[in-house]
Amino acid sequence: VHLIPVSPVRDDGLNPKSRKRIMPDLLTEPPAIDPVYEAHVYCNIPTITEHSMEGHAPHYFKLVSVQVLIRHGDRYPLYAIPKTKRPNIDCMLVPSRKPSHPQLEAFIKHMSKGSAAQMEGSLSSLPRFPSHSLCEMGELTQTGVVQHLQNGQLLREIYINKHKLLPGDWTAKQLYLETTGKSRTLQSALALLYTFLPDFDWKKINMRHQWSTIFCSGTCDCPMRNHYLEEEQRRQYSLRVKNNNLEKIYVDMAKIVGIPTRQLRASNPIDSLLCYFCHNVSFPCTKAGCIGMEHFKVIKRHQLEDERERQEKKLYFLYALLATHPLLNQTVNRLQRIAEGKKEEVFVLYSAHDVTLSPVLSALGITEARFPRFAARLVFELWQDERPKEHFIRILYNGADVTFQTSFCKDHYKRSSKPMCPLEKFVNFVKRDMFLIFNSTSYYDACHRRAL
């Protein structure tokens, strides 16, 4: 891994090792965009060990709260390529089939007994684990379940076993759990909680339902957010139209499956092709030929170029600020309450989608972050410095410390000897600084002020 170098001599006596932050780039990463490599990263196939920086702090810091925002695990496509056979993926959970997890069998048994859980609204009617021999559209796969069993186990070792964030006799009040109304997000949350909690007791699981994918709850009315999203969609369209190579690939693929090019494009083929790729299933064929790796590479490369341009053009950033303020404001309010001594909701889990995580990363200013892979996790840690009783936050993305990539803590890193960001910097950003770019002082004003 690449380590950010730090000064070896410290005037405050801190061990320099406590300052090192691991970036999410592996040494094996190719220098240019490699669509196949990036697709492998996106698939996030479960491996035996994962190195993470969660829970790392000098000995005089005490961990007091953890808030986790996850993307659901690996899923079956949401779209089908017309006139092709759907990828043959089995969504039954079979512990003897790879990828598996030592606790998968126990998880299946436990999920069958969930009648005591408090599930808000329509969540109670959703299945608690995937169970179709041919996956349904958008259904979580066994890979997706295993990804979050691993996430939960990793976080448990750090936050429960090492830092004792929750006691063995934890109560429902110490958790805050929220998910969108899709089976894949509910099941991902349950998989993570099953391996994370000291004792998974259904009577203490109170799962709230969030109808909005951006978790805006009761403050979703924001005309300017919609305006910036429409502008961003125009930018996406313009970039696609300019890409002749992409257009040729779409024409070629449309001929193979025997449909108009426009219809193929509308079926979002990359979503389906990624499923074939992640599950090592051959791309579809017809009598007219086969969709191949060259088609996949061109479409994936365009997707990566689109993400890069999106960071540069700022339209998405403006959308992201307004889209994520309600969620970040809720996060900050909770952290402030805990810093004041409240002992409730010390562990928070939001189970969401790529369209939830991506704008949060953008709004925080973490521009180097990759697009959220399957089972991505964004963690907010709240720490208390035992000596002057100050509170600090750390932000981690897929195990990498990205605290000092955030717009509100970049400069603090250069001046401070502390390995974290003061909580008030995050509070000021969410309560005030997020609106400066809109020449506004509040979320409501920024949402209703006309674009210049």
# chains A, B, ... in the order shown; residues from 1 in each chain; ligands from 1

$ closest_atom_pairs --of "stretch 121-189 of chain A" --to "stretch 326-339 of chain A" --cutoff "12 Å" --atoms "only C-alpha atoms" --output "CSV"
residue,atom,partner,partner_atom,distance
A:Gln174,CA,A:Ile338,CA,11.0
A:Leu175,CA,A:Arg334,CA,11.8
A:Tyr176,CA,A:Arg334,CA,10.3
A:Glu178,CA,A:Leu327,CA,11.5

$ select_by_dssp --residues "stretch 150-336 of chain A" --states "helix (DSSP H, G or I)" --output "PyMOL selection string"
chain A and resi 150-162+172-174+183-196+202-204+223-242+244-257+261-266+269-278+293-313+315-336

$ closest_residue --among "A:Ser238, A:Asn161, A:Ser217, A:Ser407" --to "A:Gly55" --atoms "only C-alpha atoms"
A:Asn161

$ closest_atom_pairs --of "stretch 216-303 of chain A" --to "stretch 371-394 of chain A" --cutoff "12 Å" --atoms "only C-alpha atoms" --output "CSV"
residue,atom,partner,partner_atom,distance
A:Leu274,CA,A:Phe374,CA,11.2
A:Cys275,CA,A:Phe374,CA,11.3
A:Cys278,CA,A:Phe374,CA,10.4
A:Gln303,CA,A:Phe371,CA,10.2

$ write_last_selection --atoms "N, CA and C atoms" --output "mmCIF file, in the first residue's frame"
data_model
loop_
_atom_site.group_PDB
_atom_site.id
_atom_site.type_symbol
_atom_site.label_atom_id
_atom_site.label_comp_id
_atom_site.auth_asym_id
_atom_site.auth_seq_id
_atom_site.Cartn_x
_atom_site.Cartn_y
_atom_site.Cartn_z
ATOM 1 N N LEU A 274 -21.817 -6.222 -15.755
ATOM 2 C CA LEU A 274 -21.026 -6.319 -14.523
ATOM 3 C C LEU A 274 -21.401 -7.569 -13.728
ATOM 4 N N CYS A 275 -22.667 -7.972 -13.803
ATOM 5 C CA CYS A 275 -23.082 -9.194 -13.107
ATOM 6 C C CYS A 275 -22.400 -10.414 -13.730
ATOM 7 N N CYS A 278 -18.656 -10.110 -12.624
ATOM 8 C CA CYS A 278 -18.384 -10.374 -11.202
ATOM 9 C C CYS A 278 -18.586 -11.841 -10.850
ATOM 10 N N GLN A 303 -17.614 4.788 -18.468
ATOM 11 C CA GLN A 303 -18.190 5.020 -17.139
ATOM 12 C C GLN A 303 -17.151 5.665 -16.209
#

$ residues_around --residues "A:Gln405" --least-positions-apart "3" --cutoff "10 Å" --atoms "only C-alpha atoms" --output "PyMOL selection string"
chain A and resi 364-369+395+401-402+408-411+413

$ residues_around --residues "A:Pro198" --least-positions-apart "5" --cutoff "9 Å" --atoms "only C-alpha atoms" --output "MDAnalysis selection string"
chainID A and resid 156 160:161 166:170

$ atom_distance --atom1 "atom CA of A:Ile33" --atom2 "atom CA of A:Ile249"
18.6 Å

$ atom_distance --atom1 "atom CA of A:Ser124" --atom2 "atom CA of A:Arg184"
13.7 Å

$ select_by_dssp --residues "stretch 142-333 of chain A" --states "strand (DSSP E)" --output "PyMOL selection string"
chain A and resi 175-180+206-210+285-286+289-290

$ atom_distance --atom1 "atom CA of A:Ala266" --atom2 "atom CA of A:His279"
23.2 Å

$ residues_around --residues "A:Gly121" --least-positions-apart "2" --cutoff "9 Å" --atoms "only C-alpha atoms" --output "number ranges by chain"
A: 119, 123-125, 181, 208-209

$ write_last_selection --atoms "N, CA, C and O atoms" --output "PDB file, in the first residue's frame"
ATOM      1  N   MET A 119     -39.911  -4.108  12.732  1.00  0.00           N
ATOM      2  CA  MET A 119     -39.617  -3.630  11.374  1.00  0.00           C
ATOM      3  C   MET A 119     -40.668  -2.591  10.999  1.00  0.00           C
ATOM      4  O   MET A 119     -41.857  -2.883  10.996  1.00  0.00           O
ATOM      5  N   LEU A 123     -41.180  -2.875   5.685  1.00  0.00           N
ATOM      6  CA  LEU A 123     -39.994  -3.730   5.878  1.00  0.00           C
ATOM      7  C   LEU A 123     -40.376  -5.108   6.404  1.00  0.00           C
ATOM      8  O   LEU A 123     -39.727  -6.106   6.088  1.00  0.00           O
ATOM      9  N   SER A 124     -41.450  -5.159   7.224  1.00  0.00           N
ATOM     10  CA  SER A 124     -41.822  -6.434   7.850  1.00  0.00           C
ATOM     11  C   SER A 124     -42.251  -7.483   6.824  1.00  0.00           C
ATOM     12  O   SER A 124     -42.193  -8.679   7.081  1.00  0.00           O
ATOM     13  N   SER A 125     -42.659  -7.019   5.628  1.00  0.00           N
ATOM     14  CA  SER A 125     -43.101  -7.976   4.605  1.00  0.00           C
ATOM     15  C   SER A 125     -41.957  -8.436   3.696  1.00  0.00           C
ATOM     16  O   SER A 125     -42.146  -9.292   2.835  1.00  0.00           O
ATOM     17  N   GLY A 181     -36.352   0.672   1.488  1.00  0.00           N
ATOM     18  CA  GLY A 181     -37.352  -0.392   1.446  1.00  0.00           C
ATOM     19  C   GLY A 181     -37.081  -1.502   0.450  1.00  0.00           C
ATOM     20  O   GLY A 181     -38.008  -2.178   0.006  1.00  0.00           O
ATOM     21  N   ARG A 208     -35.718   0.970  11.106  1.00  0.00           N
ATOM     22  CA  ARG A 208     -36.541   2.048  10.559  1.00  0.00           C
ATOM     23  C   ARG A 208     -36.504   2.022   9.030  1.00  0.00           C
ATOM     24  O   ARG A 208     -35.488   1.679   8.443  1.00  0.00           O
ATOM     25  N   HIS A 209     -37.599   2.436   8.443  1.00  0.00           N
ATOM     26  CA  HIS A 209     -37.711   2.441   6.985  1.00  0.00           C
ATOM     27  C   HIS A 209     -37.491   3.854   6.451  1.00  0.00           C
ATOM     28  O   HIS A 209     -38.126   4.804   6.902  1.00  0.00           O
TER      29      HIS A 209
END

$ closest_atom_pairs --of "stretch 42-156 of chain A" --to "stretch 417-436 of chain A" --cutoff "10 Å" --atoms "only C-alpha atoms" --output "Markdown table"
| residue | atom | partner | partner_atom | distance |
| --- | --- | --- | --- | --- |
| A:His56 | CA | A:Pro419 | CA | 9.7 |
| A:Ala57 | CA | A:Pro419 | CA | 7.6 |
| A:Pro58 | CA | A:Pro419 | CA | 8.4 |

$ closest_residue --among "A:Asp34, A:Asp74, A:Glu136, A:Asp199" --to "A:Asp354" --atoms "only C-alpha atoms"
A:Asp74

$ closest_residue --among "A:His325, A:Arg234, A:His148, A:His110" --to "A:Cys216" --atoms "only C-alpha atoms"
A:His325

$ closest_residue --among "A:Phe107, A:Leu321, A:Arg265, A:Phe283" --to "A:Val241" --atoms "only C-alpha atoms"
A:Arg265

$ residues_around --residues "A:Ala363" --least-positions-apart "3" --cutoff "8 Å" --atoms "only C-alpha atoms" --output "PDB file with all heavy atoms, in the first residue's frame"
ATOM      1  N   PHE A 317     -21.243  18.071  -7.612  1.00  0.00           N
ATOM      2  CA  PHE A 317     -20.875  18.532  -6.276  1.00  0.00           C
ATOM      3  C   PHE A 317     -21.971  19.424  -5.685  1.00  0.00           C
ATOM      4  O   PHE A 317     -22.350  19.274  -4.513  1.00  0.00           O
ATOM      5  CB  PHE A 317     -19.543  19.281  -6.339  1.00  0.00           C
ATOM      6  CG  PHE A 317     -19.124  19.923  -5.050  1.00  0.00           C
ATOM      7  CD1 PHE A 317     -18.861  19.153  -3.926  1.00  0.00           C
ATOM      8  CD2 PHE A 317     -18.986  21.302  -4.957  1.00  0.00           C
ATOM      9  CE1 PHE A 317     -18.474  19.748  -2.723  1.00  0.00           C
ATOM     10  CE2 PHE A 317     -18.595  21.902  -3.771  1.00  0.00           C
ATOM     11  CZ  PHE A 317     -18.338  21.125  -2.650  1.00  0.00           C
ATOM     12  N   LEU A 318     -22.511  20.336  -6.500  1.00  0.00           N
ATOM     13  CA  LEU A 318     -23.589  21.211  -6.025  1.00  0.00           C
ATOM     14  C   LEU A 318     -24.836  20.390  -5.699  1.00  0.00           C
ATOM     15  O   LEU A 318     -25.509  20.621  -4.693  1.00  0.00           O
ATOM     16  CB  LEU A 318     -23.909  22.281  -7.077  1.00  0.00           C
ATOM     17  CG  LEU A 318     -22.766  23.262  -7.381  1.00  0.00           C
ATOM     18  CD1 LEU A 318     -23.112  24.142  -8.570  1.00  0.00           C
ATOM     19  CD2 LEU A 318     -22.451  24.117  -6.156  1.00  0.00           C
ATOM     20  N   ALA A 320     -24.762  17.256  -4.807  1.00  0.00           N
ATOM     21  CA  ALA A 320     -24.419  16.432  -3.643  1.00  0.00           C
ATOM     22  C   ALA A 320     -24.572  17.201  -2.335  1.00  0.00           C
ATOM     23  O   ALA A 320     -25.056  16.657  -1.340  1.00  0.00           O
ATOM     24  CB  ALA A 320     -22.992  15.896  -3.785  1.00  0.00           C
ATOM     25  N   LEU A 321     -24.153  18.453  -2.320  1.00  0.00           N
ATOM     26  CA  LEU A 321     -24.274  19.259  -1.098  1.00  0.00           C
ATOM     27  C   LEU A 321     -25.726  19.342  -0.637  1.00  0.00           C
ATOM     28  O   LEU A 321     -26.027  19.172   0.554  1.00  0.00           O
ATOM     29  CB  LEU A 321     -23.716  20.671  -1.331  1.00  0.00           C
ATOM     30  CG  LEU A 321     -22.195  20.792  -1.469  1.00  0.00           C
ATOM     31  CD1 LEU A 321     -21.819  22.189  -1.947  1.00  0.00           C
ATOM     32  CD2 LEU A 321     -21.494  20.484  -0.140  1.00  0.00           C
ATOM     33  N   THR A 324     -27.276  15.698   0.327  1.00  0.00           N
ATOM     34  CA  THR A 324     -26.813  14.980   1.520  1.00  0.00           C
ATOM     35  C   THR A 324     -26.925  15.785   2.809  1.00  0.00           C
ATOM     36  O   THR A 324     -26.678  15.244   3.885  1.00  0.00           O
ATOM     37  CB  THR A 324     -25.341  14.548   1.354  1.00  0.00           C
ATOM     38  OG1 THR A 324     -24.533  15.725   1.203  1.00  0.00           O
ATOM     39  CG2 THR A 324     -25.157  13.672   0.138  1.00  0.00           C
ATOM     40  N   PRO A 359     -22.958  10.737  -3.439  1.00  0.00           N
ATOM     41  CA  PRO A 359     -23.048  12.159  -3.134  1.00  0.00           C
ATOM     42  C   PRO A 359     -22.481  12.541  -1.762  1.00  0.00           C
ATOM     43  O   PRO A 359     -21.968  13.646  -1.594  1.00  0.00           O
ATOM     44  CB  PRO A 359     -24.549  12.470  -3.215  1.00  0.00           C
ATOM     45  CG  PRO A 359     -25.247  11.175  -3.200  1.00  0.00           C
ATOM     46  CD  PRO A 359     -24.285  10.144  -3.693  1.00  0.00           C
ATOM     47  N   VAL A 360     -22.537  11.623  -0.782  1.00  0.00           N
ATOM     48  CA  VAL A 360     -21.946  11.932   0.533  1.00  0.00           C
ATOM     49  C   VAL A 360     -20.435  12.122   0.387  1.00  0.00           C
ATOM     50  O   VAL A 360     -19.868  13.090   0.899  1.00  0.00           O
ATOM     51  CB  VAL A 360     -22.266  10.827   1.569  1.00  0.00           C
ATOM     52  CG1 VAL A 360     -21.477  11.041   2.860  1.00  0.00           C
ATOM     53  CG2 VAL A 360     -23.754  10.799   1.885  1.00  0.00           C
ATOM     54  N   ILE A 366     -14.252  14.377  -0.663  1.00  0.00           N
ATOM     55  CA  ILE A 366     -13.332  13.232  -0.830  1.00  0.00           C
ATOM     56  C   ILE A 366     -13.320  12.858  -2.315  1.00  0.00           C
ATOM     57  O   ILE A 366     -13.944  11.893  -2.753  1.00  0.00           O
ATOM     58  CB  ILE A 366     -13.772  12.049   0.063  1.00  0.00           C
ATOM     59  CG1 ILE A 366     -13.911  12.517   1.510  1.00  0.00           C
ATOM     60  CG2 ILE A 366     -12.755  10.909  -0.015  1.00  0.00           C
ATOM     61  CD1 ILE A 366     -14.584  11.507   2.432  1.00  0.00           C
TER      62      ILE A 366
END

$ closest_residue --among "A:Pro95, A:Gly258, A:Gly73, A:Pro127" --to "A:Thr141" --atoms "only C-alpha atoms"
A:Gly73

$ closest_residue --among "A:Asp271, A:Asp221, A:Asp306, A:Glu232" --to "A:Leu322" --atoms "only C-alpha atoms"
A:Asp221
